[in-house]
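**Student:** So I've got this file, protein_15.cif, and it contains mmCIF, C-alpha atoms:
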```
data_work
loop_
_atom_site.label_atom_id
_atom_site.label_comp_id
_atom_site.auth_asym_id
_atom_site.auth_seq_id
_atom_site.Cartn_x
_atom_site.Cartn_y
_atom_site.Cartn_z
CA MET A 1 132.02 114.77 130.40
CA LYS A 2 133.61 111.48 131.41
CA ILE A 3 136.44 111.22 133.96
CA GLY A 4 138.49 108.12 134.75
CA ILE A 5 139.75 107.64 138.31
CA VAL A 6 143.15 105.92 138.38
CA GLY A 7 146.05 105.25 140.73
CA ARG A 8 148.13 102.66 142.51
CA PRO A 9 146.49 99.92 144.63
CA HIS A 10 145.27 100.95 148.10
CA VAL A 11 145.40 104.71 147.50
CA GLY A 12 141.66 105.34 147.90
CA LYS A 13 140.39 105.40 144.30
CA THR A 14 137.07 103.76 145.12
CA THR A 15 136.71 105.92 148.23
CA VAL A 16 137.12 108.99 146.03
CA PHE A 17 134.62 107.49 143.58
CA ASN A 18 132.09 106.96 146.40
CA ALA A 19 132.60 110.51 147.65
CA LEU A 20 132.07 112.02 144.20
CA ALA A 21 129.25 109.73 143.11
CA HIS A 22 127.48 109.53 146.51
CA SER A 23 127.86 105.81 145.96
CA ASN A 24 128.71 102.81 148.10
CA ALA A 25 130.86 100.75 145.75
CA GLU A 26 132.69 98.00 147.59
CA ILE A 27 136.14 98.88 148.86
CA GLY A 28 138.14 95.67 148.93
CA ASP A 29 141.54 94.13 148.50
CA TYR A 30 143.41 94.77 145.29
CA THR A 31 143.68 91.55 143.28
CA GLY A 32 145.22 92.80 140.07
CA LYS A 33 141.82 92.92 138.37
CA LYS A 34 138.58 94.35 139.63
CA GLN A 35 135.09 95.27 138.65
CA ILE A 36 134.92 98.66 136.96
CA ASN A 37 132.61 101.03 138.83
CA LEU A 38 130.57 103.46 136.72
CA SER A 39 128.37 106.32 137.90
CA THR A 40 126.67 109.37 136.39
CA VAL A 41 126.59 112.36 138.72
CA SER A 42 124.55 115.55 138.42
CA VAL A 43 126.55 118.77 138.45
CA PRO A 44 125.19 121.06 141.19
CA ASP A 45 124.12 124.39 139.69
CA ASP A 46 122.23 127.03 141.70
CA ARG A 47 121.25 128.83 138.49
CA LEU A 48 118.80 126.19 137.31
CA GLU A 49 116.01 126.77 139.83
CA PRO A 50 115.63 130.54 139.21
CA LEU A 51 115.74 129.89 135.47
CA ALA A 52 113.03 127.25 135.84
CA LYS A 53 110.82 129.86 137.53
CA VAL A 54 111.27 132.22 134.58
CA PHE A 55 110.43 129.45 132.09
CA GLN A 56 107.77 127.96 134.39
CA SER A 57 109.42 124.62 133.65
CA ASP A 58 108.08 121.34 134.94
CA LYS A 59 111.56 120.17 135.91
CA THR A 60 115.25 121.01 135.90
CA VAL A 61 117.90 118.88 134.19
CA PRO A 62 121.47 119.50 135.37
CA ALA A 63 124.60 118.73 133.41
CA THR A 64 126.21 115.41 134.29
CA ILE A 65 129.64 113.85 134.75
CA ASP A 66 130.35 110.17 134.21
CA TYR A 67 132.92 108.70 136.60
CA ILE A 68 134.83 105.49 135.90
CA ASP A 69 136.70 103.85 138.76
CA GLY A 70 139.23 101.58 137.07
CA GLY A 71 141.62 99.06 138.61
CA GLY A 72 144.84 100.00 140.33
CA THR A 73 148.00 100.03 138.28
CA SER A 74 150.76 97.70 139.37
CA ARG A 75 154.36 98.72 139.65
CA THR A 76 156.10 99.01 136.29
CA ALA A 77 159.46 97.37 135.89
CA ILE A 78 161.56 100.25 134.62
CA ASN A 79 163.91 98.43 132.32
CA SER A 80 165.21 99.91 129.09
CA ASN A 81 165.69 96.41 127.68
CA VAL A 82 161.97 95.65 127.89
CA GLU A 83 160.01 96.32 124.72
CA SER A 84 157.32 98.99 125.17
CA SER A 85 154.70 96.53 123.93
CA GLN A 86 155.47 94.33 126.95
CA ARG A 87 155.71 97.02 129.60
CA THR A 88 152.12 97.98 130.31
CA GLU A 89 150.53 96.01 133.14
CA LEU A 90 147.10 97.62 132.99
CA ASP A 91 144.13 95.34 132.42
CA ALA A 92 142.93 95.51 128.79
CA GLU A 93 139.33 96.19 129.77
CA VAL A 94 140.36 99.03 132.07
CA LEU A 95 142.58 100.47 129.32
CA GLY A 96 139.70 100.35 126.88
CA GLN A 97 137.47 102.25 129.29
CA LEU A 98 140.12 104.85 130.12
CA ARG A 99 140.77 105.61 126.45
CA THR A 100 137.16 106.82 126.15
CA VAL A 101 137.32 109.37 128.98
CA ASP A 102 137.82 113.11 128.59
CA ALA A 103 140.21 113.45 131.53
CA LEU A 104 142.02 111.39 134.16
CA ALA A 105 141.85 111.85 137.92
CA HIS A 106 144.96 110.29 139.47
CA VAL A 107 144.48 109.54 143.18
CA VAL A 108 147.76 109.84 145.09
CA ARG A 109 148.03 108.49 148.62
CA LEU A 110 149.41 110.68 151.40
CA PHE A 111 147.57 109.14 154.36
CA GLU A 112 149.12 106.60 156.72
CA ASP A 113 147.08 103.56 157.74
CA GLU A 114 148.70 100.45 159.21
CA THR A 115 145.61 98.39 158.40
CA VAL A 116 145.99 99.22 154.69
CA PRO A 117 149.69 98.81 153.85
CA HIS A 118 151.05 100.38 150.69
CA VAL A 119 151.99 97.82 148.04
CA ASP A 120 155.53 99.22 148.00
CA GLY A 121 155.87 99.22 151.78
CA ASN A 122 155.88 102.97 152.38
CA ILE A 123 154.08 106.18 151.38
CA ASP A 124 155.88 108.06 148.61
CA ALA A 125 153.51 110.16 146.53
CA GLU A 126 156.09 111.38 144.04
CA ARG A 127 157.20 107.80 143.34
CA ASP A 128 153.59 106.73 142.80
CA ILE A 129 152.94 109.62 140.41
CA GLU A 130 155.99 108.64 138.36
CA SER A 131 154.95 104.98 138.38
CA VAL A 132 151.46 105.66 137.01
CA ASP A 133 152.83 108.16 134.51
CA LEU A 134 155.15 105.45 133.20
CA GLU A 135 152.32 102.94 132.94
CA PHE A 136 150.43 105.37 130.72
CA VAL A 137 153.52 106.18 128.66
CA PHE A 138 154.08 102.47 127.99
CA ALA A 139 150.40 101.91 127.17
CA ASP A 140 150.50 104.74 124.62
CA LEU A 141 153.79 103.52 123.16
CA GLN A 142 152.24 100.11 122.62
CA ILE A 143 149.48 101.66 120.48
CA ILE A 144 151.91 103.92 118.63
CA ASP A 145 154.41 101.16 117.83
CA GLY A 146 151.67 98.98 116.39
CA ARG A 147 150.17 101.75 114.29
CA ILE A 148 153.56 102.95 112.98
CA SER A 149 154.34 99.42 111.85
CA ARG A 150 151.03 99.17 109.98
CA LEU A 151 151.44 102.59 108.38
CA GLU A 152 154.92 101.76 107.12
CA LYS A 153 153.56 98.64 105.43
CA LEU A 154 150.68 100.58 103.90
CA LEU A 155 152.98 103.28 102.56
CA LYS A 156 155.22 100.71 100.90
CA ASN A 157 152.28 99.59 98.76
CA GLN A 158 150.53 102.89 98.22
CA LYS A 159 151.49 106.49 98.92
CA SER A 160 148.92 108.46 100.88
CA ALA A 161 149.33 112.04 102.09
CA GLU A 162 147.01 111.38 105.03
CA HIS A 163 148.95 108.28 106.09
CA GLN A 164 152.24 110.12 105.71
CA ASN A 165 150.99 112.93 107.94
CA GLU A 166 149.72 110.46 110.52
CA LEU A 167 153.06 108.63 110.49
CA ARG A 168 154.94 111.89 110.99
CA ILE A 169 152.75 112.90 113.93
CA LEU A 170 152.98 109.46 115.54
CA GLU A 171 156.76 109.53 115.26
CA GLU A 172 156.72 112.91 117.03
CA CYS A 173 154.48 111.38 119.69
CA LYS A 174 156.82 108.42 120.11
CA GLN A 175 159.84 110.65 120.51
CA THR A 176 158.02 112.74 123.12
CA LEU A 177 157.05 109.66 125.13
CA GLU A 178 160.53 108.15 124.90
CA GLU A 179 161.85 111.40 126.39
CA GLY A 180 159.58 110.70 129.37
CA LYS A 181 157.10 113.47 128.54
CA PRO A 182 153.32 113.07 128.30
CA LEU A 183 151.63 113.82 124.99
CA ARG A 184 149.70 116.67 126.59
CA SER A 185 153.03 118.54 126.49
CA LEU A 186 153.27 118.16 122.70
CA THR A 187 152.09 121.14 120.66
CA ILE A 188 150.23 120.06 117.53
CA SER A 189 147.66 121.73 115.28
CA GLU A 190 143.93 121.04 115.45
CA ASN A 191 144.08 119.11 112.17
CA GLU A 192 146.98 117.01 113.45
CA GLU A 193 145.13 116.33 116.68
CA LYS A 194 142.15 115.07 114.70
CA LEU A 195 144.36 112.46 113.00
CA ILE A 196 145.27 110.85 116.34
CA ARG A 197 142.15 111.63 118.38
CA GLY A 198 140.66 108.18 117.84
CA TYR A 199 143.51 106.44 119.67
CA GLY A 200 142.51 107.94 123.03
CA PHE A 201 146.12 108.35 124.18
CA LEU A 202 146.18 108.38 127.98
CA THR A 203 149.05 110.83 128.33
CA GLN A 204 147.25 113.29 126.05
CA LYS A 205 144.28 113.63 128.39
CA PRO A 206 144.02 116.46 130.94
CA LEU A 207 145.23 115.23 134.33
CA LEU A 208 143.87 116.04 137.78
CA LEU A 209 146.07 114.88 140.66
CA ILE A 210 144.02 114.14 143.78
CA CYS A 211 146.14 114.18 146.93
CA ASN A 212 144.27 111.86 149.30
CA ILE A 213 144.96 112.78 152.92
CA SER A 214 143.61 111.62 156.27
CA GLU A 215 141.33 113.60 158.56
CA THR A 216 144.31 114.30 160.81
CA GLN A 217 146.09 116.05 157.91
CA LEU A 218 143.36 118.62 157.26
CA GLN A 219 145.39 121.36 158.91
CA GLU A 220 148.24 120.60 156.51
CA MET A 221 146.22 121.12 153.31
CA ASN A 222 147.87 124.42 152.35
CA GLY A 223 151.35 123.00 152.82
CA ILE A 224 150.48 119.89 150.81
CA SER A 225 149.06 122.07 148.02
CA LYS A 226 152.36 123.98 147.88
CA ARG A 227 154.33 120.73 147.87
CA PHE A 228 152.59 119.57 144.70
CA ALA A 229 152.21 122.99 143.07
CA GLU A 230 155.05 122.25 140.64
CA TYR A 231 152.87 119.67 138.89
CA GLU A 232 150.44 122.44 137.97
CA THR A 233 153.16 124.08 135.89
CA GLN A 234 152.85 121.14 133.49
CA PRO A 235 150.38 121.45 130.59
CA GLN A 236 146.74 120.58 131.35
CA THR A 237 147.51 119.45 134.88
CA ALA A 238 145.80 120.50 138.12
CA VAL A 239 146.02 119.43 141.77
CA ILE A 240 143.43 119.23 144.55
CA VAL A 241 143.82 117.99 148.13
CA LEU A 242 141.01 116.12 149.91
CA ALA A 243 140.35 113.61 152.67
CA ALA A 244 138.50 110.98 150.67
CA GLN A 245 137.33 108.87 153.64
CA LEU A 246 135.88 111.94 155.34
CA GLU A 247 134.31 113.17 152.11
CA MET A 248 132.75 109.74 151.52
CA GLU A 249 131.15 109.88 154.96
CA ILE A 250 129.81 113.36 154.22
CA ALA A 251 128.39 112.15 150.92
CA GLN A 252 126.27 109.57 152.75
CA LEU A 253 124.51 112.27 154.84
CA ASP A 254 121.45 114.27 153.88
CA ALA A 255 122.05 117.88 152.82
CA ALA A 256 121.30 119.47 156.22
CA ASP A 257 123.48 117.07 158.23
CA ALA A 258 126.25 117.29 155.63
CA GLU A 259 126.34 121.09 155.93
CA ILE A 260 126.58 120.91 159.72
CA PHE A 261 129.31 118.27 159.59
CA MET A 262 131.32 120.23 157.01
CA THR A 263 131.12 123.35 159.17
CA GLU A 264 132.37 121.41 162.18
CA MET A 265 135.28 120.05 160.14
CA GLY A 266 136.15 123.45 158.70
CA LEU A 267 135.29 122.49 155.11
CA ASN A 268 133.80 125.27 152.98
CA GLU A 269 132.59 123.05 150.13
CA SER A 270 132.21 119.38 149.29
CA ALA A 271 134.70 117.29 147.35
CA LEU A 272 132.24 117.10 144.46
CA GLU A 273 132.01 120.89 144.21
CA ARG A 274 135.80 121.37 144.31
CA PHE A 275 136.36 118.49 141.92
CA ILE A 276 133.87 119.85 139.37
CA GLN A 277 135.17 123.41 139.56
CA THR A 278 138.75 122.27 139.05
CA SER A 279 137.76 119.83 136.29
CA TYR A 280 135.87 122.50 134.37
CA GLN A 281 138.82 124.89 134.61
CA LEU A 282 141.30 122.19 133.63
CA MET A 283 139.31 121.09 130.59
CA GLY A 284 138.21 124.57 129.54
CA LEU A 285 134.50 123.84 129.95
CA ILE A 286 131.59 126.24 130.29
CA THR A 287 127.87 125.84 131.01
CA PHE A 288 125.01 127.19 128.93
CA PHE A 289 121.27 126.79 129.43
CA THR A 290 118.10 126.15 127.47
CA GLY A 291 114.59 126.35 128.79
CA GLY A 292 110.90 125.88 128.14
CA GLU A 293 107.73 124.58 129.75
CA LYS A 294 109.02 121.00 129.91
CA GLU A 295 112.45 121.66 131.40
CA ALA A 296 115.21 124.10 132.22
CA ARG A 297 118.44 122.39 131.30
CA ALA A 298 122.19 122.89 131.76
CA TRP A 299 124.64 121.83 129.06
CA THR A 300 128.42 121.49 129.05
CA LEU A 301 130.43 122.97 126.19
CA ARG A 302 134.11 123.62 125.57
CA ASN A 303 135.15 127.26 125.86
CA GLY A 304 135.41 128.74 122.36
CA GLN A 305 132.77 126.50 120.79
CA THR A 306 130.13 128.22 118.73
CA ALA A 307 126.37 128.61 118.82
CA VAL A 308 125.93 126.11 116.01
CA GLU A 309 128.00 123.55 117.93
CA ALA A 310 125.85 124.18 121.00
CA ALA A 311 122.79 123.66 118.83
CA GLY A 312 124.17 120.30 117.69
CA LEU A 313 124.62 119.28 121.32
CA VAL A 314 120.95 119.97 122.00
CA HIS A 315 119.81 118.15 118.84
CA THR A 316 121.60 117.21 115.63
CA ASP A 317 118.70 118.59 113.57
CA PHE A 318 119.23 122.01 115.17
CA GLU A 319 122.82 122.04 113.98
CA ARG A 320 121.91 121.08 110.40
CA GLY A 321 119.10 123.60 110.15
CA PHE A 322 120.64 126.34 112.32
CA VAL A 323 119.49 129.87 111.48
CA ARG A 324 120.44 131.88 114.56
CA SER A 325 120.25 131.83 118.34
CA GLU A 326 118.78 134.33 120.77
CA CYS A 327 121.18 134.78 123.69
CA ILE A 328 121.01 136.38 127.09
CA ASN A 329 123.04 136.01 130.27
CA TRP A 330 121.19 133.86 132.82
CA GLU A 331 121.34 136.52 135.54
CA ASP A 332 119.98 139.23 133.24
CA LEU A 333 117.08 136.94 132.31
CA VAL A 334 116.30 136.12 135.94
CA ASN A 335 116.43 139.80 136.90
CA CYS A 336 114.07 140.65 134.04
CA GLY A 337 111.70 137.87 135.00
CA SER A 338 110.63 137.12 131.42
CA TYR A 339 111.76 137.19 127.81
CA THR A 340 109.28 139.97 127.14
CA GLN A 341 110.97 142.23 129.67
CA ALA A 342 114.42 141.19 128.48
CA ARG A 343 113.53 142.05 124.89
CA SER A 344 112.05 145.41 125.86
CA ARG A 345 115.26 146.29 127.72
CA GLY A 346 117.40 145.34 124.73
CA LEU A 347 119.17 142.52 126.56
CA LEU A 348 118.24 139.76 124.13
CA ARG A 349 120.80 139.34 121.34
CA ALA A 350 120.54 137.58 117.98
CA GLU A 351 123.75 135.64 117.28
CA GLY A 352 124.85 133.66 114.22
CA LYS A 353 126.77 130.45 113.63
CA THR A 354 130.19 131.83 114.56
CA TYR A 355 129.16 133.30 117.91
CA GLN A 356 131.26 131.81 120.72
CA VAL A 357 128.98 130.76 123.55
CA GLN A 358 129.81 132.38 126.89
CA GLU A 359 129.60 130.97 130.39
CA GLY A 360 126.05 131.33 131.70
CA ASP A 361 124.41 132.06 128.33
CA VAL A 362 120.77 131.09 127.91
CA LEU A 363 120.17 130.08 124.30
CA THR A 364 116.98 129.88 122.27
CA ILE A 365 117.88 128.15 119.03
CA LEU A 366 116.03 128.90 115.83
CA ALA A 367 116.43 126.30 113.09
CA ASN A 368 114.79 125.26 109.86
CA ALA A 369 113.21 121.82 109.70
CA THR A 370 115.53 119.20 108.16
CA ASN A 371 114.72 115.94 106.43
#
```
Please go through the file and, once you have read it, give me the structure as structure tokens.

**Tutor:**
Amino acid sequence: MKIGIVGRPHVGKTTVFNALAHSNAEIGDYTGKKQINLSTVSVPDDRLEPLAKVFQSDKTVPATIDYIDGGGTSRTAINSNVESSQRTELDAEVLGQLRTVDALAHVVRLFEDETVPHVDGNIDAERDIESVDLEFVFADLQIIDGRISRLEKLLKNQKSAEHQNELRILEECKQTLEEGKPLRSLTISENEEKLIRGYGFLTQKPLLLICNISETQLQEMNGISKRFAEYETQPQTAVIVLAAQLEMEIAQLDAADAEIFMTEMGLNESALERFIQTSYQLMGLITFFTGGEKEARAWTLRNGQTAVEAAGLVHTDFERGFVRSECINWEDLVNCGSYTQARSRGLLRAEGKTYQVQEGDVLTILANATN
């Protein structure tokens, strides 16, 4: 899973990145362009250690999330006379990176800090959300306008059912964007989605709004959550509230000190834990496990994906030669203590290609050798 962190200048994007990635990327002045920060973070999972004991594994391998901290977006000139191809002010390299992510985390500033003035002079979270939304709308329109133009030329010379379908879908996308709606609000079939998947439209990606508050606003978290709850009524959109500066400081501590500090501050869980939980829910992700003497490993899969797709994630040869999988819930396996006991109790199931993997499944994949 790859998540892009975006937002206006001086809202705390890199601070959020450091908190999530336990990193110390430089937090500096916004200059219009910046170095893109990348980090791969292990997903905490308390189920791995007990599973490793059952498998007598040498090590555990958690699932991971890749974070990309892109540059801040500048203020879009909202002018109906400006062509969409000229509207986007995002750096091309940043755009290219963001189009590859699975979801976007939009950091919205709610904290006051006289030493870090807002680029627009005052704090207005709703305005900033609209501004970034527009940047992404314009960036997507730029891609769509160019592709529609090319498709129309192609169709003049040679009729193609696939190109005609793509043109129709892109025209629907364009209309949706021109109405000020993100593409995640557009209902299209799976086959239609496949035709446009390669463009990496920004407004089609699941969106997590991160309300960045100060330490002094911790007591206001519930009220702030209610204030932004309306955004969660939009398709594939979720909201979390956190104090990024405080969370970054916690991330720099060792586990014992971090737990003490969080207790003192009244925080039940870290930003990383809340972020991951919300991200998984937003994107419809589940975790399954495999295990053996070498390693006990966690894998991320989309809810509804099948055993054969899970096999392909583990190794492409397993997908091609898939015969069946043996499945058991992780807790049942741990309680049994071994596969022998699980089998004797009738808890081990044989599942075929169409079986939809469930959260917490432990899979043993049986496959024929492929050339």

**Student:** Determine the residue membership of the PyMOL selection byres ((chain A and resi 8-20) around 6) for the file above and supply it as a list in words.

**Tutor:** Gly7, Ala21, His22, Ser23, Asn24, Gly72, Thr73, Val107, Arg109, Ala244, Glu247, Met248, Ala251 and Leu272 of chain A

**Student:** Which residues, named as in the file, does the PyMOL selection byres ((chain A and resi 290) around 6) pick out? Answer as an MDAnalysis selection string.

**Tutor:** chainID A and resid 289 291 296:297 362:363

**Student:** Using only C-alpha atoms, determine which residues lie at most 9 Å from Leu333 of chain A, disregarding the query and same-chain residues fewer than 4 positions distant; provide the list as a ChimeraX atom specification.

**Tutor:** /A:51,54,328-329,337-339,341-342,347-348,362

**Student:** Restrict the selected residues to C-alpha atoms and save them as a CSV table (one decimal), keeping the file's coordinate frame.

**Tutor:**
```csv
chain,number,residue,atom,x,y,z
A,51,LEU,CA,115.7,129.9,135.5
A,54,VAL,CA,111.3,132.2,134.6
A,328,ILE,CA,121.0,136.4,127.1
A,329,ASN,CA,123.0,136.0,130.3
A,337,GLY,CA,111.7,137.9,135.0
A,338,SER,CA,110.6,137.1,131.4
A,339,TYR,CA,111.8,137.2,127.8
A,341,GLN,CA,111.0,142.2,129.7
A,342,ALA,CA,114.4,141.2,128.5
A,347,LEU,CA,119.2,142.5,126.6
A,348,LEU,CA,118.2,139.8,124.1
A,362,VAL,CA,120.8,131.1,127.9
```

**Student:** Between A:Pro206, A:Gly284, A:Gly321, A:Gly360, single out the one closest to Ile3 of chain A, counting only C-alpha atoms.

**Tutor:**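 Of all the options, A:Pro206 lies closest to Ile3 of chain A.
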
**Student:** What's around Phe136 of chain A at 9 Å? Count all atoms listed in the file, leave out sequence neighbours fewer than 2 positions away in its own chain, and write the answer as number ranges by chain.

**Tutor:** A: 88, 90, 131-134, 138-141, 182, 201-203

**Student:** Would you write out those residues with C-alpha atoms, as a compact mmCIF listing (two decimals), in the coordinates of the input?

**Tutor:**
```txt
# COMPACT_ATOMS: atom_id res chain seq x y z
CA THR A 88 152.12 97.98 130.31
CA LEU A 90 147.10 97.62 132.99
CA SER A 131 154.95 104.98 138.38
CA VAL A 132 151.46 105.66 137.01
CA ASP A 133 152.83 108.16 134.51
CA LEU A 134 155.15 105.45 133.20
CA PHE A 138 154.08 102.47 127.99
CA ALA A 139 150.40 101.91 127.17
CA ASP A 140 150.50 104.74 124.62
CA LEU A 141 153.79 103.52 123.16
CA PRO A 182 153.32 113.07 128.30
CA PHE A 201 146.12 108.35 124.18
CA LEU A 202 146.18 108.38 127.98
CA THR A 203 149.05 110.83 128.33
```

**Student:** Could you work out an axis-aligned box for segment 149-164 of chain A, taking every atom the file lists and adding 8 Å on each side, and report centre and edge lengths in Å to one decimal, as AutoDock Vina command-line options?

**Tutor:**
```
--center_x 151.1 --center_y 105.3 --center_z 105.0 --size_x 24.2 --size_y 29.4 --size_z 29.6
```
